[in-house]
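K.L.:
Below: one structure in structure tokens.
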Amino acid sequence: GARTRNVVKMMRERLSDSLLAILKSAGEVADTFGFGAYVVGGFVRDMFLCRSNEDVDIVVEGSGIAFAREFARIHNARVHTYEKFGTAVVILPDGFKIDVVTARMEYYRFPADLPTVEMSSIKLDLYRRDFTINTLAIRLNADRFGILIDFFAAQKDIKEKAIRILHNLSFVEDPTRVFRAIRFEQRFGFTIGKLTSGLIRNAVKMDFFKKLSGRRTFNELRHIFEEENPTPAIERMHDYDLLRIIHPDLRPDRKLIANFMAVKKVLAWHDLLFLDEAYLRWVVYFMVLIRQFDRETTRQICEKFAMSPRHQVIFCKDRFLADRCLFYLGRNIPLKNSILYRELSAFRAELLLYMMAVTRSRAIKKGISQYFTHLRHITTSVKGRDLKAMGIEPGPVYREILDAILDARLNGKLRSRDDEINFVRAYVA
Ligand code: CTP
């Protein structure tokens, strides 16, 4: 049986009023159908850990789809349904998303002909999940709103800061959970339990990953590099001999660890200054991770993980251009602004951040940060049409003149539009 306890007080303290209202309303909608409804998984885990989480997952005993349609109707929300899986996504007018799944009443057949067990549908749904800490459910129906259901001692594991699987075949069923265990362990500062740790070693030894597609494996790896601090996870992957999934020669040596720490610093700097400029964190980390490999090896890694052409270009081409650029900049210190601009404007943010992280030259690092903070925004005030108005014959010379103005501007030689016009006059004369 499950341990139950009322957590309404905790919900009131830790969740926003609007979120609480959404959950209450979900329970009321479920009541109109006579369905059981629960908020489950990472959301509940994070409430216990006092971490904010906006991913609301609701499990419905009955029809998740009928529930989602009605909930969407009441809230003026959009709804996408996936009949085949009995799942739905509700998107509220303000963009807030709620995932809905159906828990069907069924019998759980263990793999390998173990006895068939009957379970309540919510329990079965939770039993299929990866780790005990992700199995908490809170009842939403009005008469029992806020009753916490803990079938698998999740509260105990949260208290003990332990990552534990629910049954011994968990990694057989889904080997990507090995990466998830490491990710959660590092994110929460938890420790993978002893039995679970043994099963991970077994999964690695028996190479459970060979039956996984490259794409699925990489998808989980990518999540690790999206975490706040992926460095300890890399060391942990090495403990379990998992880095060989990326490449057999990969080791978290001092240089790699130092570069990872440098990426963390650079990204923090960037995020502080340019909060609203999106980029892919994982791309920066992954470039650093595979930096030791040549073009051909890198290409093989990209292929193995079935990366999209867009990402392959970044790792196989842009990354090498960035390294060449660093070499070039190194030979042109002190760096003129015009050189920084010319060299750096071709690169997207991920590549610039990569360069800042891996360079050992203070001058280059400072140069790139200058480029980020202001050089990239500098433009000429005089444009082609102004040159025309000045009576200059249109042609390739326009590009030449405009480039010369920009260089002079970047190097601080021109301050105003008048300066630029005088500069053009002198230039043609
Ligand atoms: N899950 C699982 N096995 C997987 C992936 C997911 O059992 N390979 C389960 C987990 O129990 C999780 C739920 O599906 O609670 C939702 O998955 P996801 O959104 O990836 O998990 P979160 O715990 O919310 O992780 P995150 O905080 O990183 O979003």
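Identifiers in the structure tokens: chain A, B, ... in order shown; residue index from 1 per chain; ligand index from 1 in order shown.
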List as a PyMOL selection string the protein and nucleic acid residues lying within 10 Å of ligand 1, with only C-alpha atoms and all ligand atoms counted.

P.N.:
chain A and resi 40-46+51-57+99+125-136+165-166+170-171+173-181+183-184+187+216+220+223-224+226-227

K.L.:
Got a sec: who's within 12 Å of region 390-398 of chain A, counting only C-alpha atoms, leaving out chain neighbours fewer than 3 positions off, as a PyMOL selection string?

P.N.:
chain A and resi 382-387+401-405+421-422+424-425+427-429

K.L.:
Please write the residues from the selection above to a file, keeping all heavy atoms, as a compact mmCIF listing (two decimals), in the first residue's frame.

P.N.:
# COMPACT_ATOMS: atom_id res chain seq x y z
N VAL A 382 27.12 56.40 -42.89
CA VAL A 382 27.06 56.62 -44.34
C VAL A 382 26.76 55.29 -45.02
O VAL A 382 27.35 54.26 -44.70
CB VAL A 382 28.41 57.19 -44.83
CG1 VAL A 382 28.52 57.11 -46.35
CG2 VAL A 382 28.60 58.62 -44.36
N LYS A 383 25.77 55.31 -45.92
CA LYS A 383 25.38 54.09 -46.65
C LYS A 383 25.61 54.30 -48.15
O LYS A 383 25.98 55.41 -48.58
CB LYS A 383 23.89 53.78 -46.43
CG LYS A 383 23.47 53.76 -44.99
CD LYS A 383 23.84 52.44 -44.31
CE LYS A 383 23.43 52.49 -42.85
NZ LYS A 383 24.25 51.68 -41.98
N GLY A 384 25.32 53.27 -48.92
CA GLY A 384 25.50 53.34 -50.37
C GLY A 384 24.81 54.53 -51.00
O GLY A 384 25.38 55.25 -51.83
N ARG A 385 23.57 54.78 -50.55
CA ARG A 385 22.83 55.90 -51.17
C ARG A 385 23.51 57.25 -50.90
O ARG A 385 23.43 58.16 -51.73
CB ARG A 385 21.37 55.92 -50.73
CG ARG A 385 21.14 56.09 -49.26
CD ARG A 385 19.65 56.21 -48.94
NE ARG A 385 19.19 55.26 -47.94
CZ ARG A 385 19.58 55.22 -46.66
NH1 ARG A 385 20.48 56.05 -46.22
NH2 ARG A 385 19.10 54.34 -45.82
N ASP A 386 24.19 57.36 -49.77
CA ASP A 386 24.92 58.60 -49.47
C ASP A 386 26.09 58.77 -50.43
O ASP A 386 26.39 59.87 -50.87
CB ASP A 386 25.44 58.59 -48.03
CG ASP A 386 24.30 58.45 -47.03
OD1 ASP A 386 23.33 59.24 -47.12
OD2 ASP A 386 24.36 57.53 -46.18
N LEU A 387 26.75 57.64 -50.73
CA LEU A 387 27.87 57.70 -51.68
C LEU A 387 27.36 58.17 -53.04
O LEU A 387 27.99 58.98 -53.72
CB LEU A 387 28.55 56.33 -51.81
CG LEU A 387 29.14 55.74 -50.53
CD1 LEU A 387 29.83 54.40 -50.83
CD2 LEU A 387 30.13 56.70 -49.87
N ILE A 401 34.85 51.36 -50.11
CA ILE A 401 34.74 52.58 -49.30
C ILE A 401 34.02 52.29 -47.97
O ILE A 401 34.48 52.68 -46.90
CB ILE A 401 33.98 53.69 -50.08
CG1 ILE A 401 34.75 54.08 -51.34
CG2 ILE A 401 33.74 54.91 -49.18
CD1 ILE A 401 34.00 55.02 -52.27
N LEU A 402 32.90 51.58 -48.08
CA LEU A 402 32.12 51.31 -46.86
C LEU A 402 32.93 50.48 -45.86
O LEU A 402 32.87 50.73 -44.65
CB LEU A 402 30.80 50.60 -47.21
CG LEU A 402 29.80 51.48 -47.99
CD1 LEU A 402 28.62 50.65 -48.50
CD2 LEU A 402 29.28 52.65 -47.13
N ASP A 403 33.69 49.52 -46.39
CA ASP A 403 34.56 48.73 -45.50
C ASP A 403 35.61 49.62 -44.83
O ASP A 403 35.90 49.46 -43.64
CB ASP A 403 35.28 47.62 -46.29
CG ASP A 403 34.35 46.43 -46.55
OD1 ASP A 403 33.24 46.42 -45.98
OD2 ASP A 403 34.73 45.53 -47.31
N ALA A 404 36.15 50.54 -45.62
CA ALA A 404 37.18 51.43 -45.06
C ALA A 404 36.59 52.33 -43.97
O ALA A 404 37.22 52.56 -42.93
CB ALA A 404 37.80 52.27 -46.17
N ILE A 405 35.35 52.80 -44.20
CA ILE A 405 34.69 53.63 -43.17
C ILE A 405 34.50 52.81 -41.90
O ILE A 405 34.79 53.26 -40.79
CB ILE A 405 33.31 54.14 -43.62
CG1 ILE A 405 33.38 54.89 -44.94
CG2 ILE A 405 32.69 55.04 -42.55
CD1 ILE A 405 32.00 55.25 -45.51
N ILE A 421 31.74 61.44 -43.66
CA ILE A 421 31.64 62.09 -44.97
C ILE A 421 33.00 62.68 -45.39
O ILE A 421 33.45 62.50 -46.51
CB ILE A 421 30.51 63.15 -44.98
CG1 ILE A 421 29.16 62.41 -44.89
CG2 ILE A 421 30.57 64.03 -46.21
CD1 ILE A 421 27.96 63.27 -44.66
N ASN A 422 33.66 63.32 -44.42
CA ASN A 422 34.99 63.87 -44.72
C ASN A 422 35.98 62.77 -45.08
O ASN A 422 36.80 62.93 -45.98
CB ASN A 422 35.52 64.65 -43.52
CG ASN A 422 34.71 65.93 -43.30
OD1 ASN A 422 34.16 66.49 -44.26
ND2 ASN A 422 34.61 66.37 -42.05
N VAL A 424 35.22 59.96 -46.54
CA VAL A 424 34.93 59.51 -47.91
C VAL A 424 35.56 60.46 -48.91
O VAL A 424 36.21 60.04 -49.87
CB VAL A 424 33.41 59.39 -48.16
CG1 VAL A 424 33.12 59.04 -49.61
CG2 VAL A 424 32.78 58.36 -47.23
N ARG A 425 35.42 61.78 -48.65
CA ARG A 425 35.97 62.79 -49.57
C ARG A 425 37.47 62.59 -49.72
O ARG A 425 38.01 62.54 -50.83
CB ARG A 425 35.69 64.20 -49.04
CG ARG A 425 34.22 64.56 -49.10
CD ARG A 425 33.99 66.04 -49.50
NE ARG A 425 32.56 66.26 -49.64
CZ ARG A 425 31.75 66.68 -48.66
NH1 ARG A 425 32.26 66.95 -47.46
NH2 ARG A 425 30.48 66.83 -48.88
N TYR A 427 39.10 59.93 -49.10
CA TYR A 427 39.35 58.61 -49.67
C TYR A 427 39.30 58.66 -51.19
O TYR A 427 40.19 58.15 -51.87
CB TYR A 427 38.33 57.61 -49.13
CG TYR A 427 38.67 56.17 -49.41
CD1 TYR A 427 39.42 55.42 -48.49
CD2 TYR A 427 38.26 55.55 -50.60
CE1 TYR A 427 39.73 54.10 -48.74
CE2 TYR A 427 38.58 54.22 -50.85
CZ TYR A 427 39.32 53.50 -49.91
OH TYR A 427 39.62 52.19 -50.17
N VAL A 428 38.23 59.32 -51.75
CA VAL A 428 38.12 59.37 -53.24
C VAL A 428 39.15 60.30 -53.84
O VAL A 428 39.64 60.06 -54.94
CB VAL A 428 36.70 59.74 -53.74
CG1 VAL A 428 35.96 58.53 -54.23
CG2 VAL A 428 35.87 60.44 -52.69
N ALA A 429 39.46 61.35 -53.12
CA ALA A 429 40.47 62.28 -53.61
C ALA A 429 41.84 61.59 -53.56
O ALA A 429 42.46 61.29 -54.54
CB ALA A 429 40.52 63.53 -52.76

K.L.:
When you count only C-alpha atoms, which of these residues is closest to Ala30 (chain A): A:Lys210, A:His247, A:Arg139, A:Lys123?

P.N.:
A:Arg139

K.L.:
Within 9 Å of Ser213 (chain A), counting only C-alpha atoms, which residues qualify if same-chain residues fewer than 4 places away don't, as a VMD selection string?

P.N.:
chain A and resid 209 217 to 218 304 to 306

K.L.:
One number please: CA of Thr87 (chain A) to CA of Leu19 (chain A), in Å, one decimal.

P.N.:
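Separation between CA of Thr87 (chain A) and CA of Leu19 (chain A): 20.8 Å.
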